[in-house]
Amino acid sequence: MRFALFITAAPDQEAAFQAWRFADAALAEGHELLRVFFAGAAVTHGNALNTPGRDETGLTRRWQDLQSRHNLDLVICVAAALKRGVLDADNARSWEQPQANLASGFVISGLGQLAEAQLQADRLITFPG
């Protein structure tokens, strides 16, 4: 089955951890994960400066690990990212910010990426915040 994920849960919410667990399990079972789209508070998953407590789950690194092992498309919503200070090099330059902080393995793009994933996937699974 071909899945796409739509995540709005922040990294510290249980739904965010469930999204990662679903993705990991689906890939382990041989399913295809077309795209993971992060919007709203979930764009902070793509912040390279996320530093969870030692007793907390570091979801940014877990997503990066899945991305590198399965070549996942991890897309951060551009509007929500700008609002929350998550910037790639192009946006940092455009908005005259001193540096970028987008975690490796993530890309910033628009809602068209979510629409395209929804059209191509057999199922769009939502993990709300």
# chains A, B, ... in the order shown; residues from 1 in each chain; ligands from 1
call {"tool": "residues_around", "arguments": {"residues": "A:Leu114", "least_positions_apart": "6", "cutoff": "12 Å", "atoms": "only C-alpha atoms", "output": "VMD selection string"}}
result
chain A and resid 3 to 7 34 to 39 73 to 78 108 120 to 121 124 to 126
call {"tool": "write_last_selection", "arguments": {"atoms": "N, CA and C atoms", "output": "PDB file, in the first residue's frame"}}
result
ATOM      1  N   PHE A   3       1.287   4.992   1.214  1.00  0.00           N
ATOM      2  CA  PHE A   3       0.805   5.920   2.224  1.00  0.00           C
ATOM      3  C   PHE A   3       1.455   7.290   2.057  1.00  0.00           C
ATOM      4  N   ALA A   4       0.732   8.307   2.487  1.00  0.00           N
ATOM      5  CA  ALA A   4       1.278   9.645   2.703  1.00  0.00           C
ATOM      6  C   ALA A   4       0.834  10.037   4.115  1.00  0.00           C
ATOM      7  N   LEU A   5       1.690  10.767   4.820  1.00  0.00           N
ATOM      8  CA  LEU A   5       1.360  11.199   6.176  1.00  0.00           C
ATOM      9  C   LEU A   5       1.249  12.714   6.225  1.00  0.00           C
ATOM     10  N   PHE A   6       0.273  13.177   6.973  1.00  0.00           N
ATOM     11  CA  PHE A   6       0.068  14.605   7.216  1.00  0.00           C
ATOM     12  C   PHE A   6       0.124  14.800   8.726  1.00  0.00           C
ATOM     13  N   ILE A   7       1.156  15.473   9.192  1.00  0.00           N
ATOM     14  CA  ILE A   7       1.392  15.607  10.631  1.00  0.00           C
ATOM     15  C   ILE A   7       1.295  17.076  11.032  1.00  0.00           C
ATOM     16  N   LEU A  34       5.059   7.639   0.460  1.00  0.00           N
ATOM     17  CA  LEU A  34       5.330   8.602  -0.608  1.00  0.00           C
ATOM     18  C   LEU A  34       5.864   9.927  -0.097  1.00  0.00           C
ATOM     19  N   ARG A  35       5.286  10.399   0.986  1.00  0.00           N
ATOM     20  CA  ARG A  35       5.689  11.707   1.510  1.00  0.00           C
ATOM     21  C   ARG A  35       5.196  11.840   2.938  1.00  0.00           C
ATOM     22  N   VAL A  36       5.978  12.554   3.731  1.00  0.00           N
ATOM     23  CA  VAL A  36       5.559  12.955   5.076  1.00  0.00           C
ATOM     24  C   VAL A  36       5.520  14.471   5.048  1.00  0.00           C
ATOM     25  N   PHE A  37       4.331  15.034   5.265  1.00  0.00           N
ATOM     26  CA  PHE A  37       4.155  16.483   5.201  1.00  0.00           C
ATOM     27  C   PHE A  37       3.886  17.004   6.607  1.00  0.00           C
ATOM     28  N   PHE A  38       4.728  17.935   7.053  1.00  0.00           N
ATOM     29  CA  PHE A  38       4.620  18.522   8.383  1.00  0.00           C
ATOM     30  C   PHE A  38       4.057  19.943   8.250  1.00  0.00           C
ATOM     31  N   ALA A  39       2.983  20.231   9.001  1.00  0.00           N
ATOM     32  CA  ALA A  39       2.375  21.563   8.961  1.00  0.00           C
ATOM     33  C   ALA A  39       2.093  22.034  10.389  1.00  0.00           C
ATOM     34  N   ASP A  73      10.627  11.418   1.598  1.00  0.00           N
ATOM     35  CA  ASP A  73      10.384  12.805   1.262  1.00  0.00           C
ATOM     36  C   ASP A  73       9.764  13.465   2.497  1.00  0.00           C
ATOM     37  N   LEU A  74      10.576  14.173   3.288  1.00  0.00           N
ATOM     38  CA  LEU A  74      10.112  14.858   4.503  1.00  0.00           C
ATOM     39  C   LEU A  74       9.943  16.329   4.174  1.00  0.00           C
ATOM     40  N   VAL A  75       8.691  16.778   4.057  1.00  0.00           N
ATOM     41  CA  VAL A  75       8.397  18.128   3.589  1.00  0.00           C
ATOM     42  C   VAL A  75       7.813  18.971   4.724  1.00  0.00           C
ATOM     43  N   ILE A  76       8.395  20.141   4.902  1.00  0.00           N
ATOM     44  CA  ILE A  76       7.955  21.116   5.903  1.00  0.00           C
ATOM     45  C   ILE A  76       7.175  22.209   5.182  1.00  0.00           C
ATOM     46  N   CYS A  77       5.986  22.530   5.670  1.00  0.00           N
ATOM     47  CA  CYS A  77       5.154  23.591   5.077  1.00  0.00           C
ATOM     48  C   CYS A  77       5.867  24.942   5.204  1.00  0.00           C
ATOM     49  N   VAL A  78       6.054  25.615   4.074  1.00  0.00           N
ATOM     50  CA  VAL A  78       6.820  26.861   4.064  1.00  0.00           C
ATOM     51  C   VAL A  78       6.177  27.946   4.919  1.00  0.00           C
ATOM     52  N   ILE A 108      11.770  22.296   2.588  1.00  0.00           N
ATOM     53  CA  ILE A 108      10.669  23.235   2.776  1.00  0.00           C
ATOM     54  C   ILE A 108       9.975  23.430   1.440  1.00  0.00           C
ATOM     55  N   GLN A 120      -1.621  10.767  -5.136  1.00  0.00           N
ATOM     56  CA  GLN A 120      -0.831   9.609  -5.523  1.00  0.00           C
ATOM     57  C   GLN A 120      -0.930   8.448  -4.532  1.00  0.00           C
ATOM     58  N   ALA A 121      -1.232   8.740  -3.284  1.00  0.00           N
ATOM     59  CA  ALA A 121      -1.251   7.698  -2.246  1.00  0.00           C
ATOM     60  C   ALA A 121      -2.576   6.939  -2.244  1.00  0.00           C
ATOM     61  N   LEU A 124      -4.092   8.694   2.846  1.00  0.00           N
ATOM     62  CA  LEU A 124      -3.462   9.817   3.538  1.00  0.00           C
ATOM     63  C   LEU A 124      -3.825   9.662   5.009  1.00  0.00           C
ATOM     64  N   ILE A 125      -2.844   9.486   5.862  1.00  0.00           N
ATOM     65  CA  ILE A 125      -3.045   9.309   7.292  1.00  0.00           C
ATOM     66  C   ILE A 125      -2.673  10.606   7.990  1.00  0.00           C
ATOM     67  N   THR A 126      -3.573  11.103   8.830  1.00  0.00           N
ATOM     68  CA  THR A 126      -3.366  12.368   9.530  1.00  0.00           C
ATOM     69  C   THR A 126      -3.073  12.124  10.999  1.00  0.00           C
TER      70      THR A 126
END
call {"tool": "residues_around", "arguments": {"residues": "A:Thr44", "least_positions_apart": "4", "cutoff": "10 Å", "atoms": "only C-alpha atoms", "output": "VMD selection string"}}
result
chain A and resid 8 to 12 38 to 40 48 to 50 60 76 80 to 81 84 to 86 102 to 103
call {"tool": "closest_residue", "arguments": {"among": "A:Ala28, A:Leu33, A:Ala23, A:Ala15", "to": "A:Asp122", "atoms": "only C-alpha atoms"}}
result
A:Leu33
call {"tool": "select_by_dssp", "arguments": {"residues": "chain A", "states": "helix (DSSP H, G or I)", "output": "PyMOL selection string"}}
result
chain A and resi 14-28+40-46+59-70+78-83+89-94+112-120
call {"tool": "write_last_selection", "arguments": {"atoms": "C-alpha atoms", "output": "tab-separated table (two decimals), in the first residue's frame"}}
result
chain	number	residue	atom	x	y	z
A	14	GLU	CA	2.01	11.76	21.61
A	15	ALA	CA	0.47	11.93	18.13
A	16	ALA	CA	3.88	12.92	16.74
A	17	PHE	CA	5.51	9.83	18.22
A	18	GLN	CA	2.64	7.69	16.89
A	19	ALA	CA	3.24	9.13	13.41
A	20	TRP	CA	6.89	8.10	13.52
A	21	ARG	CA	5.96	4.64	14.85
A	22	PHE	CA	3.40	4.20	12.05
A	23	ALA	CA	5.96	5.22	9.42
A	24	ASP	CA	8.62	2.91	10.82
A	25	ALA	CA	6.20	-0.04	11.02
A	26	ALA	CA	4.73	0.57	7.55
A	27	LEU	CA	8.17	0.66	5.97
A	28	ALA	CA	9.25	-2.45	7.88
A	40	GLY	CA	1.45	23.85	11.85
A	41	ALA	CA	3.43	23.12	15.02
A	42	ALA	CA	4.81	19.96	13.40
A	43	VAL	CA	7.25	21.98	11.29
A	44	THR	CA	9.47	22.12	14.37
A	45	HIS	CA	10.34	18.47	13.68
A	46	GLY	CA	12.59	19.94	10.99
A	59	LEU	CA	11.92	12.67	16.86
A	60	THR	CA	13.96	14.88	14.52
A	61	ARG	CA	16.79	12.34	14.59
A	62	ARG	CA	14.37	9.44	14.21
A	63	TRP	CA	12.82	11.03	11.12
A	64	GLN	CA	16.30	11.70	9.75
A	65	ASP	CA	17.23	8.06	10.29
A	66	LEU	CA	14.11	6.86	8.43
A	67	GLN	CA	14.80	9.37	5.67
A	68	SER	CA	18.35	8.16	5.16
A	69	ARG	CA	17.43	4.46	5.25
A	70	HIS	CA	14.37	4.74	2.99
A	78	VAL	CA	6.82	26.86	4.06
A	79	ALA	CA	4.22	29.21	5.61
A	80	ALA	CA	4.25	27.42	8.97
A	81	ALA	CA	8.04	27.12	8.88
A	82	LEU	CA	8.57	30.84	8.36
A	83	LYS	CA	6.10	31.64	11.12
A	89	ALA	CA	19.39	28.57	3.30
A	90	ASP	CA	17.24	30.16	0.57
A	91	ASN	CA	14.59	31.41	2.99
A	92	ALA	CA	17.20	32.66	5.45
A	93	ARG	CA	18.76	34.69	2.65
A	94	SER	CA	15.38	35.94	1.31
A	112	GLY	CA	0.97	21.60	-3.38
A	113	GLN	CA	3.27	18.84	-2.13
A	114	LEU	CA	0.54	17.65	0.25
A	115	ALA	CA	-2.10	17.75	-2.50
A	116	GLU	CA	0.14	15.79	-4.85
A	117	ALA	CA	0.84	13.16	-2.18
A	118	GLN	CA	-2.87	12.82	-1.44
A	119	LEU	CA	-3.60	12.19	-5.12
A	120	GLN	CA	-0.83	9.61	-5.52
call {"tool": "select_by_dssp", "arguments": {"residues": "stretch 9-99 of chain A", "states": "strand (DSSP E or B)", "output": "count of residues only"}}
result
12
call {"tool": "atom_distance", "arguments": {"atom1": "atom CA of A:Phe127", "atom2": "atom CA of A:Leu111"}}
result
16.4 Å
call {"tool": "closest_residue", "arguments": {"among": "A:Thr51, A:Gly58, A:Arg123, A:Ala100", "to": "A:Glu32", "atoms": "only C-alpha atoms"}}
result
A:Arg123
call {"tool": "closest_residue", "arguments": {"among": "A:Pro128, A:Trp95, A:Leu72, A:His31", "to": "A:Val107", "atoms": "only C-alpha atoms"}}
result
A:Leu72
call {"tool": "decode", "arguments": {"residues": "stretch 84-127 of chain A", "atoms": "N, CA and C atoms", "output": "PDB file, in the first residue's frame"}}
result
ATOM      1  N   ARG A  84       7.384  29.958  12.347  1.00  0.00           N
ATOM      2  CA  ARG A  84       8.007  29.368  13.534  1.00  0.00           C
ATOM      3  C   ARG A  84       9.533  29.403  13.490  1.00  0.00           C
ATOM      4  N   GLY A  85      10.080  30.129  12.535  1.00  0.00           N
ATOM      5  CA  GLY A  85      11.529  30.311  12.489  1.00  0.00           C
ATOM      6  C   GLY A  85      12.322  29.110  12.039  1.00  0.00           C
ATOM      7  N   VAL A  86      11.732  28.240  11.205  1.00  0.00           N
ATOM      8  CA  VAL A  86      12.466  27.121  10.630  1.00  0.00           C
ATOM      9  C   VAL A  86      12.800  27.515   9.192  1.00  0.00           C
ATOM     10  N   LEU A  87      14.085  27.688   8.915  1.00  0.00           N
ATOM     11  CA  LEU A  87      14.510  28.244   7.636  1.00  0.00           C
ATOM     12  C   LEU A  87      15.562  27.383   6.954  1.00  0.00           C
ATOM     13  N   ASP A  88      15.411  27.211   5.644  1.00  0.00           N
ATOM     14  CA  ASP A  88      16.498  26.645   4.855  1.00  0.00           C
ATOM     15  C   ASP A  88      17.378  27.808   4.403  1.00  0.00           C
ATOM     16  N   ALA A  89      18.456  27.519   3.697  1.00  0.00           N
ATOM     17  CA  ALA A  89      19.393  28.570   3.303  1.00  0.00           C
ATOM     18  C   ALA A  89      18.743  29.620   2.410  1.00  0.00           C
ATOM     19  N   ASP A  90      17.895  29.200   1.469  1.00  0.00           N
ATOM     20  CA  ASP A  90      17.239  30.161   0.567  1.00  0.00           C
ATOM     21  C   ASP A  90      16.315  31.104   1.321  1.00  0.00           C
ATOM     22  N   ASN A  91      15.501  30.563   2.223  1.00  0.00           N
ATOM     23  CA  ASN A  91      14.589  31.412   2.991  1.00  0.00           C
ATOM     24  C   ASN A  91      15.340  32.311   3.968  1.00  0.00           C
ATOM     25  N   ALA A  92      16.403  31.823   4.555  1.00  0.00           N
ATOM     26  CA  ALA A  92      17.202  32.663   5.454  1.00  0.00           C
ATOM     27  C   ALA A  92      17.748  33.871   4.687  1.00  0.00           C
ATOM     28  N   ARG A  93      18.236  33.606   3.479  1.00  0.00           N
ATOM     29  CA  ARG A  93      18.759  34.693   2.649  1.00  0.00           C
ATOM     30  C   ARG A  93      17.643  35.652   2.235  1.00  0.00           C
ATOM     31  N   SER A  94      16.508  35.104   1.773  1.00  0.00           N
ATOM     32  CA  SER A  94      15.385  35.937   1.313  1.00  0.00           C
ATOM     33  C   SER A  94      14.820  36.830   2.418  1.00  0.00           C
ATOM     34  N   TRP A  95      14.771  36.300   3.630  1.00  0.00           N
ATOM     35  CA  TRP A  95      14.195  37.037   4.751  1.00  0.00           C
ATOM     36  C   TRP A  95      15.261  37.730   5.597  1.00  0.00           C
ATOM     37  N   GLU A  96      16.478  37.769   5.062  1.00  0.00           N
ATOM     38  CA  GLU A  96      17.601  38.464   5.687  1.00  0.00           C
ATOM     39  C   GLU A  96      17.826  38.016   7.131  1.00  0.00           C
ATOM     40  N   GLN A  97      17.827  36.711   7.302  1.00  0.00           N
ATOM     41  CA  GLN A  97      18.123  36.113   8.612  1.00  0.00           C
ATOM     42  C   GLN A  97      19.576  35.645   8.619  1.00  0.00           C
ATOM     43  N   PRO A  98      20.204  35.633   9.786  1.00  0.00           N
ATOM     44  CA  PRO A  98      21.639  35.327   9.845  1.00  0.00           C
ATOM     45  C   PRO A  98      22.013  33.889   9.512  1.00  0.00           C
ATOM     46  N   GLN A  99      21.085  32.952   9.661  1.00  0.00           N
ATOM     47  CA  GLN A  99      21.436  31.560   9.385  1.00  0.00           C
ATOM     48  C   GLN A  99      20.204  30.706   9.156  1.00  0.00           C
ATOM     49  N   ALA A 100      20.437  29.542   8.580  1.00  0.00           N
ATOM     50  CA  ALA A 100      19.388  28.543   8.383  1.00  0.00           C
ATOM     51  C   ALA A 100      19.458  27.546   9.531  1.00  0.00           C
ATOM     52  N   ASN A 101      18.339  26.862   9.782  1.00  0.00           N
ATOM     53  CA  ASN A 101      18.322  25.854  10.845  1.00  0.00           C
ATOM     54  C   ASN A 101      17.497  24.627  10.460  1.00  0.00           C
ATOM     55  N   LEU A 102      17.290  24.418   9.165  1.00  0.00           N
ATOM     56  CA  LEU A 102      16.537  23.255   8.715  1.00  0.00           C
ATOM     57  C   LEU A 102      17.409  22.009   8.875  1.00  0.00           C
ATOM     58  N   ALA A 103      16.866  21.008   9.533  1.00  0.00           N
ATOM     59  CA  ALA A 103      17.594  19.757   9.751  1.00  0.00           C
ATOM     60  C   ALA A 103      17.833  19.049   8.420  1.00  0.00           C
ATOM     61  N   SER A 104      18.961  18.381   8.311  1.00  0.00           N
ATOM     62  CA  SER A 104      19.256  17.641   7.089  1.00  0.00           C
ATOM     63  C   SER A 104      18.205  16.546   6.886  1.00  0.00           C
ATOM     64  N   GLY A 105      17.888  16.303   5.630  1.00  0.00           N
ATOM     65  CA  GLY A 105      16.882  15.304   5.288  1.00  0.00           C
ATOM     66  C   GLY A 105      15.491  15.877   5.108  1.00  0.00           C
ATOM     67  N   PHE A 106      15.270  17.101   5.583  1.00  0.00           N
ATOM     68  CA  PHE A 106      13.982  17.783   5.442  1.00  0.00           C
ATOM     69  C   PHE A 106      14.092  18.817   4.328  1.00  0.00           C
ATOM     70  N   VAL A 107      12.961  19.096   3.665  1.00  0.00           N
ATOM     71  CA  VAL A 107      12.884  20.169   2.672  1.00  0.00           C
ATOM     72  C   VAL A 107      11.694  21.053   3.010  1.00  0.00           C
ATOM     73  N   ILE A 108      11.770  22.296   2.588  1.00  0.00           N
ATOM     74  CA  ILE A 108      10.669  23.235   2.776  1.00  0.00           C
ATOM     75  C   ILE A 108       9.975  23.430   1.440  1.00  0.00           C
ATOM     76  N   SER A 109       8.650  23.315   1.449  1.00  0.00           N
ATOM     77  CA  SER A 109       7.876  23.487   0.228  1.00  0.00           C
ATOM     78  C   SER A 109       6.446  23.888   0.592  1.00  0.00           C
ATOM     79  N   GLY A 110       5.597  24.001  -0.406  1.00  0.00           N
ATOM     80  CA  GLY A 110       4.238  24.462  -0.198  1.00  0.00           C
ATOM     81  C   GLY A 110       3.212  23.342  -0.127  1.00  0.00           C
ATOM     82  N   LEU A 111       1.957  23.739   0.067  1.00  0.00           N
ATOM     83  CA  LEU A 111       0.856  22.795   0.212  1.00  0.00           C
ATOM     84  C   LEU A 111       0.599  21.954  -1.035  1.00  0.00           C
ATOM     85  N   GLY A 112       1.104  22.394  -2.165  1.00  0.00           N
ATOM     86  CA  GLY A 112       0.974  21.598  -3.381  1.00  0.00           C
ATOM     87  C   GLY A 112       1.588  20.215  -3.215  1.00  0.00           C
ATOM     88  N   GLN A 113       2.630  20.127  -2.397  1.00  0.00           N
ATOM     89  CA  GLN A 113       3.267  18.835  -2.130  1.00  0.00           C
ATOM     90  C   GLN A 113       2.323  17.893  -1.379  1.00  0.00           C
ATOM     91  N   LEU A 114       1.528  18.457  -0.477  1.00  0.00           N
ATOM     92  CA  LEU A 114       0.536  17.653   0.246  1.00  0.00           C
ATOM     93  C   LEU A 114      -0.563  17.196  -0.707  1.00  0.00           C
ATOM     94  N   ALA A 115      -1.041  18.097  -1.539  1.00  0.00           N
ATOM     95  CA  ALA A 115      -2.097  17.750  -2.498  1.00  0.00           C
ATOM     96  C   ALA A 115      -1.623  16.658  -3.459  1.00  0.00           C
ATOM     97  N   GLU A 116      -0.404  16.792  -3.945  1.00  0.00           N
ATOM     98  CA  GLU A 116       0.137  15.787  -4.851  1.00  0.00           C
ATOM     99  C   GLU A 116       0.253  14.419  -4.167  1.00  0.00           C
ATOM    100  N   ALA A 117       0.719  14.423  -2.928  1.00  0.00           N
ATOM    101  CA  ALA A 117       0.842  13.164  -2.183  1.00  0.00           C
ATOM    102  C   ALA A 117      -0.522  12.517  -1.972  1.00  0.00           C
ATOM    103  N   GLN A 118      -1.521  13.341  -1.671  1.00  0.00           N
ATOM    104  CA  GLN A 118      -2.865  12.818  -1.445  1.00  0.00           C
ATOM    105  C   GLN A 118      -3.414  12.168  -2.710  1.00  0.00           C
ATOM    106  N   LEU A 119      -3.128  12.749  -3.852  1.00  0.00           N
ATOM    107  CA  LEU A 119      -3.599  12.188  -5.120  1.00  0.00           C
ATOM    108  C   LEU A 119      -2.887  10.887  -5.480  1.00  0.00           C
ATOM    109  N   GLN A 120      -1.621  10.767  -5.136  1.00  0.00           N
ATOM    110  CA  GLN A 120      -0.831   9.609  -5.523  1.00  0.00           C
ATOM    111  C   GLN A 120      -0.930   8.448  -4.532  1.00  0.00           C
ATOM    112  N   ALA A 121      -1.232   8.740  -3.284  1.00  0.00           N
ATOM    113  CA  ALA A 121      -1.251   7.698  -2.246  1.00  0.00           C
ATOM    114  C   ALA A 121      -2.576   6.939  -2.244  1.00  0.00           C
ATOM    115  N   ASP A 122      -2.516   5.706  -1.761  1.00  0.00           N
ATOM    116  CA  ASP A 122      -3.748   4.953  -1.523  1.00  0.00           C
ATOM    117  C   ASP A 122      -4.459   5.486  -0.285  1.00  0.00           C
ATOM    118  N   ARG A 123      -3.673   5.932   0.693  1.00  0.00           N
ATOM    119  CA  ARG A 123      -4.232   6.452   1.949  1.00  0.00           C
ATOM    120  C   ARG A 123      -3.406   7.643   2.431  1.00  0.00           C
ATOM    121  N   LEU A 124      -4.092   8.694   2.846  1.00  0.00           N
ATOM    122  CA  LEU A 124      -3.462   9.817   3.538  1.00  0.00           C
ATOM    123  C   LEU A 124      -3.825   9.662   5.009  1.00  0.00           C
ATOM    124  N   ILE A 125      -2.844   9.486   5.862  1.00  0.00           N
ATOM    125  CA  ILE A 125      -3.045   9.309   7.292  1.00  0.00           C
ATOM    126  C   ILE A 125      -2.673  10.606   7.990  1.00  0.00           C
ATOM    127  N   THR A 126      -3.573  11.103   8.830  1.00  0.00           N
ATOM    128  CA  THR A 126      -3.366  12.368   9.530  1.00  0.00           C
ATOM    129  C   THR A 126      -3.073  12.124  10.999  1.00  0.00           C
ATOM    130  N   PHE A 127      -2.089  12.855  11.510  1.00  0.00           N
ATOM    131  CA  PHE A 127      -1.725  12.820  12.923  1.00  0.00           C
ATOM    132  C   PHE A 127      -1.832  14.247  13.450  1.00  0.00           C
TER     133      PHE A 127
END
